[in-house]
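Asker: One structure follows; several queries about it will come next.
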Amino acid sequence: MFVSHHTLPYTYYRQTSPEEKHPKKSPTFFHLSPHYRSTCLSRLQSFFSLIYHSNMPYTQTVTTTTTMGQAGLTLTAPLLSPPSPDQPHLIVTVHDDDDDDGGGDGNGSFRNPFAFLGSGGFKVPVSTTADPFKNQTLKIGGVYEWLKIGVCFPIAIVRLVIFGVSLLIGFVATKLALLGWKERQNPMPKWRCRIMWITRVCTRCILFAFGYHWIRRIGKPAPRATAPIVVSNHVSFIEPIFYFYELFPTIVASESHDSLPFVGTIIRAMQVIYVNRFSPSSRRQAVTEIKRKASCDRFPRVLLFPEGTTTNGRYLISFELGAFIPGYPIQPVIVRYPHVHFDQSWGHISLPRLMFRMFTQFHNFMEVEYLPVVSPLDNKKESAFHFAQRTSHAMAAALNVVQTSHSFGDLMLLMKAADSKSKQVRPSAYMVEMASVKSVLNISSTEAVDLLDRFLSMNPDPSGHVTYHDFLRVLRLKACTFSEEIFAFIDVDKNRAITFKQFLFGSAHVLKQRLFRQACALAFSECVSEDNIYILEQQFGDTIRPAIPDLTENETRELFNLFDTDLDGRISKDDFFTCLRRNPLLIALFSPCLLNKDFSEDGSRLVEEIV
């Protein structure tokens with residue numbers, strides 16, 4: 001830390017001593033008398049006047065110098081006179097960012113209630129205003145759009161018939177192609193692929209019915225031997241239909257697609273690779289299948305949408321790594337939907353509404369551009385993450401869009417906020433760029449959604465802030481110094497109100513502490529008696545009363561019921577751990593008993609006691 005001593009008009013810097021880390025308030029410019037403020041401003045005016053005239057032609061500079069000489073000033077003379085001894089000082093303290101722990105103790109009035117876990121506080125990154133899932137024409141606006149819908153409504157009925165007939169014919173042809181085929185782990189025989197051409201033609205008719213009468217293509221698909229894997233940005237449900245017709249690839253899709261009527265049967269013929277995004281074992285199996293099918297020339301190309309969900313096309317969100325782990329050359333393909341009145345992106349908009357808008361357009365524009373193949377670096381072993389970064393940079397540059405760290409997890413948060421009972425003015429405010437949050441906090445999207453559910457139960461205001469008393473109401477805490485310490489730990493901006501991002505980072509910070517699980521186990525063992533495996537209300541109250549000494553019987557019961565998740569009148573070990581996983585901030589209730597047990601920072605003594 002450095003302190004700038006500005007003795008008007010001079011400034012110098014010196015390093016502060018430890019006791020000066022939080023200095024008393026110093027006089028600012030506006031604390032000075034009017035005389036000194038006027039002197040300072042006039043000298044600054046002379047200084048900038050000199051700079052201005054020094055950039056003029058030579059003749060003008062000479063004139064200016066003469067004028068300055070008449071005023072008793074020269075270029076070599078100091079602009080500001082030395083200060084007098086009785087002149088006031090302006091002391092500006094510059095704090096290093098690293099000195100602020102960012103965890104509820106920045107104002108110096110509250111201690112860190114989670115220091116016993118080894119927590120030194122946390123920092124919350126600045127939130128972005130980008131919303132990659134927002135459909136820009138969610139509402140029908142303008143006389144032109146309403147007239148167009150009225151004119152195209154009869155056409156939409158014809159298009160709907162074409163869509164239904166094409167889907168039915170394609171479904172029948174696909175059933176015929178799959179009839180009696182049992183060895184589906186092997187490449188599809190050629191005669192079955194020829195039957196599938198009927199379905200491919202039907203998909204082109206479906207695109208025509210949706211208003212894509214012609215599709216502009218830029219570049220050409222690379223040979224399969226050159227790039228066995230294709231990746232594309234994902235804006236609408238139109239891209240899979242187009243790629244089915246254009247490339248007939250093996251697609252990687254969510255397991256939920258298999259149960260879709262008609263569609264599930266058709267994508268089965270593509271020898272789809274199913275994946276459950278929430279199952280690590282399923283993701284590993286999917287990568288194995290991608291590698292197996294990409295390495296065999298008898299299989300078609302493997303197509304992936306690495307964003308994992310649809311966006312509005314104005315941003316490119318973070319990539320999943322499944323396409324890049326096998327290490328094969330990849331051809332990126334980008335899709336654009338130029339429009340003026342109708343945004344065709346499948347963002348936060350219902351499918352029937354989007355289809356209706358497509359049917360009631362004169363024509364929908366679509367551009368597909370095949371980019372150069374991106375190959376893994378030969379001169380060094382490249383990680384899948386770096387390979388994905390290079391590919392996403394190439395796609396973002398071609399699309400001329402911004403890359404963000406949003407992911408499917410942000411869409412889950414968006415939908416959770418939009419579907420909540422509370423009136424949320426802007427649900428997009430609850431997105432946190434989950435890709436970066438996962439890398440920093442090692443927290444899953446499901447855990448983040450659970451924390452959002454807790455946050456929404458605190459009744460946030462339209463700006464997305466929760467007050468101190470609503471925070472205490474959900475956690476069943478009473479207003480006291482201990483509760484203020486927990487709230488101040490989350491309220492890193494010291495606004496007496498917290499945002500979801502602060503709540504998420506603070507809760508995840510505590511939850512992911514190395515000693516958190518051991519602390520939960522030791523806290524449970526402190527609550528139960530030697531001859532019991534359950535915590536009773538009396539034992540629970542005796543354990544947490546050192547943290548909140550003046551708890552009443554009703555307040556103790558409220559907290560006890562929060563931990564008793566199955567409401568059987570006693571707290572089992574599963575109840576205890578489940579509650580603390582949902583409300584990790586409540587581990588601070590047991591800090592006094594853990595500290596009394598010599599809870600060491602490195603956890604060695606704690607592990608010995610648990611064992």
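Labeling convention for the structure tokens: chains A, B, ... as they appear, residues from 1 per chain, ligands from 1 in order of appearance.
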What parts of range 131-356 of chain A does DSSP call strand (DSSP E or B)? I'd like the answer as a VMD selection string.

Answerer: chain A and resid 216 to 218 229 to 232 250 to 254 273 to 275 302 to 304 315 to 316 330 to 336

Asker: Write the residues of the preceding selection, restricted to C-alpha atoms, as a PDB file, in the first residue's frame.

Answerer:
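Result file is result_36.pdb:
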ATOM      1  CA  ARG A 216     -27.347 -19.431 -49.242  1.00  0.00           C
ATOM      2  CA  ARG A 217     -24.202 -21.530 -48.859  1.00  0.00           C
ATOM      3  CA  ILE A 218     -20.656 -20.164 -48.586  1.00  0.00           C
ATOM      4  CA  ILE A 229     -16.037 -34.030 -37.006  1.00  0.00           C
ATOM      5  CA  VAL A 230     -18.208 -30.994 -37.746  1.00  0.00           C
ATOM      6  CA  VAL A 231     -19.159 -28.350 -35.174  1.00  0.00           C
ATOM      7  CA  SER A 232     -21.721 -25.602 -35.617  1.00  0.00           C
ATOM      8  CA  THR A 250     -24.155 -38.897 -36.840  1.00  0.00           C
ATOM      9  CA  ILE A 251     -25.440 -36.373 -34.350  1.00  0.00           C
ATOM     10  CA  VAL A 252     -24.740 -36.014 -30.635  1.00  0.00           C
ATOM     11  CA  ALA A 253     -27.980 -35.211 -28.815  1.00  0.00           C
ATOM     12  CA  SER A 254     -29.585 -35.227 -25.396  1.00  0.00           C
ATOM     13  CA  ILE A 273     -24.927 -40.597 -29.827  1.00  0.00           C
ATOM     14  CA  TYR A 274     -27.031 -39.900 -26.746  1.00  0.00           C
ATOM     15  CA  VAL A 275     -25.595 -38.064 -23.781  1.00  0.00           C
ATOM     16  CA  VAL A 302     -20.031 -36.671 -36.451  1.00  0.00           C
ATOM     17  CA  LEU A 303     -21.947 -33.421 -35.883  1.00  0.00           C
ATOM     18  CA  LEU A 304     -21.933 -31.552 -32.575  1.00  0.00           C
ATOM     19  CA  TYR A 315     -23.119 -14.145 -28.994  1.00  0.00           C
ATOM     20  CA  LEU A 316     -21.040 -17.305 -29.019  1.00  0.00           C
ATOM     21  CA  ILE A 330     -12.701 -30.332 -37.118  1.00  0.00           C
ATOM     22  CA  GLN A 331     -14.580 -28.280 -39.683  1.00  0.00           C
ATOM     23  CA  PRO A 332     -16.454 -25.355 -38.107  1.00  0.00           C
ATOM     24  CA  VAL A 333     -19.707 -24.336 -39.758  1.00  0.00           C
ATOM     25  CA  ILE A 334     -21.553 -21.126 -38.913  1.00  0.00           C
ATOM     26  CA  VAL A 335     -25.222 -20.355 -39.494  1.00  0.00           C
ATOM     27  CA  ARG A 336     -26.741 -16.884 -39.783  1.00  0.00           C
TER      28      ARG A 336
END

Asker: I need the alpha helix (DSSP H) residues of range 315-354 of chain A per DSSP on the backbone, written as a list in words.

Answerer: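 Matching residues for alpha helix (DSSP H) in range 315-354 of chain A are Leu351, Pro352, Arg353 and Leu354 of chain A.
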
Asker: With all heavy atoms kept, could you save the residues just selected as a CSV table (one decimal), in the first residue's frame?

Answerer:
chain,number,residue,atom,x,y,z
A,351,LEU,N,-41.8,-23.1,-28.5
A,351,LEU,CA,-41.7,-23.7,-29.8
A,351,LEU,C,-42.9,-23.4,-30.6
A,351,LEU,O,-42.8,-23.0,-31.8
A,351,LEU,CB,-41.4,-25.2,-29.7
A,351,LEU,CG,-41.2,-25.9,-31.0
A,351,LEU,CD1,-40.1,-25.4,-31.8
A,351,LEU,CD2,-41.0,-27.4,-30.8
A,352,PRO,N,-44.1,-23.6,-30.2
A,352,PRO,CA,-45.3,-23.3,-31.0
A,352,PRO,C,-45.4,-21.9,-31.5
A,352,PRO,O,-45.7,-21.6,-32.6
A,352,PRO,CB,-46.5,-23.7,-30.1
A,352,PRO,CG,-46.0,-24.6,-29.1
A,352,PRO,CD,-44.6,-24.2,-28.9
A,353,ARG,N,-45.0,-21.0,-30.6
A,353,ARG,CA,-45.0,-19.5,-31.0
A,353,ARG,C,-44.0,-19.3,-32.1
A,353,ARG,O,-44.2,-18.5,-33.0
A,353,ARG,CB,-44.8,-18.7,-29.8
A,353,ARG,CG,-44.9,-17.2,-30.0
A,353,ARG,CD,-44.8,-16.4,-28.7
A,353,ARG,NE,-45.1,-15.0,-28.9
A,353,ARG,CZ,-45.2,-14.2,-27.9
A,353,ARG,NH1,-45.1,-14.6,-26.7
A,353,ARG,NH2,-45.4,-12.9,-28.2
A,354,LEU,N,-42.8,-19.9,-31.9
A,354,LEU,CA,-41.7,-19.7,-32.9
A,354,LEU,C,-42.2,-20.2,-34.3
A,354,LEU,O,-41.9,-19.6,-35.3
A,354,LEU,CB,-40.4,-20.3,-32.4
A,354,LEU,CG,-39.2,-20.1,-33.3
A,354,LEU,CD1,-38.9,-18.6,-33.5
A,354,LEU,CD2,-38.0,-20.9,-32.8

Asker: Just checking: using only C-alpha atoms, which residue out of A:Phe362, A:Phe342, A:Phe505, A:Phe482 ends up closest to Asn442 in chain A?

Answerer: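 Closest candidate: A:Phe505.
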
Asker: Given the choices A:Ile443, A:Ala115, A:Val272, A:Leu475, which gets closest to Ala286 in chain A if the distance is worked out from only C-alpha atoms?

Answerer: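 So, comparing all the options, the nearest one is A:Val272.
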
Asker: Out of A:Gln539, A:Ser436, A:Thr360, A:Thr309, which residue has the shortest atom-to-atom distance to Ile157 in chain A when counting only C-alpha atoms?

Answerer: A:Thr360

Asker: Set the distance at 10 Å and use only C-alpha atoms: which residues neighbour Pro113 in chain A once local chain neighbours fewer than 2 positions away are removed? I'd like the list as a list of chain:residue names.

Answerer: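 The residues satisfying every condition are A:Gly103, A:Gly104, A:Asp105, A:Phe110, A:Arg111, A:Ala115, A:Phe116, A:Leu117, A:Ser119, A:Gly121, A:Phe482, A:Ser483, A:Glu484, A:Glu485, A:Ile486, A:Phe487, A:Ala488, A:Phe489, A:Leu585, A:Ile587, A:Ala588, A:Leu589, A:Ser591.
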
Asker: Here is a test: counting only C-alpha atoms, which residue of A:Phe278, A:Ser166, A:His509, A:Phe244 is nearest to Val440 in chain A?

Answerer: A:His509

Asker: In Å, rounded to a single decimal, give me how far CA of Phe237 in chain A is from CA of Ser318 in chain A.

Answerer: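 According to the coordinates, CA of Ser318 in chain A and CA of Phe237 in chain A are separated by 19.2 Å.
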
Asker: Go through A:Pro326, A:Gly141, A:Pro462, A:Gly211 and flag the residue nearest Phe356 in chain A, using only C-alpha atoms for the distances.

Answerer: A:Gly211

Asker: Go ahead and compute the interatomic distance for CA of Gly170 in chain A and CA of Thr265 in chain A, in Å to one decimal.

Answerer: 9.9 Å

Asker: Which residues, written as a PDB file with N, CA and C atoms, in the first residue's frame, have at least one atom at most 8 Å from Asp450 in chain A, with only C-alpha atoms counted and residues fewer than 4 positions away on the same chain left out?

Answerer:
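selection-v7.pdb, freshly written:
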ATOM      1  N   THR A 446     -26.708 -27.736 -11.473  1.00  0.00           N
ATOM      2  CA  THR A 446     -27.798 -28.156 -10.603  1.00  0.00           C
ATOM      3  C   THR A 446     -27.671 -27.513  -9.230  1.00  0.00           C
ATOM      4  N   ARG A 454     -33.278 -21.035  -3.370  1.00  0.00           N
ATOM      5  CA  ARG A 454     -33.209 -20.461  -2.025  1.00  0.00           C
ATOM      6  C   ARG A 454     -33.243 -18.937  -2.082  1.00  0.00           C
ATOM      7  N   ARG A 582     -27.554 -27.514   1.273  1.00  0.00           N
ATOM      8  CA  ARG A 582     -28.481 -26.523   0.725  1.00  0.00           C
ATOM      9  C   ARG A 582     -28.235 -25.142   1.321  1.00  0.00           C
TER      10      ARG A 582
END

Asker: CA of Ala418 in chain A and CA of Ile498 in chain A are how many Å apart?

Answerer: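 Distance reported for this atom pair: 19.5 Å.
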
Asker: Tell me which protein, DNA and RNA residues are within 8 Å of range 468-470 of chain A, counting only C-alpha atoms, leaving out same-chain ones fewer than 6 positions away, and put them as a ChimeraX atom specification.

Answerer: /A:458-459,479,487,496-497

Asker: Please identify all polymer residues within 7 Å of Glu307 in chain A, counting only C-alpha atoms, omitting same-chain residues fewer than 3 positions from it, and present them as a ChimeraX atom specification.

Answerer: /A:233-234,317-320,407
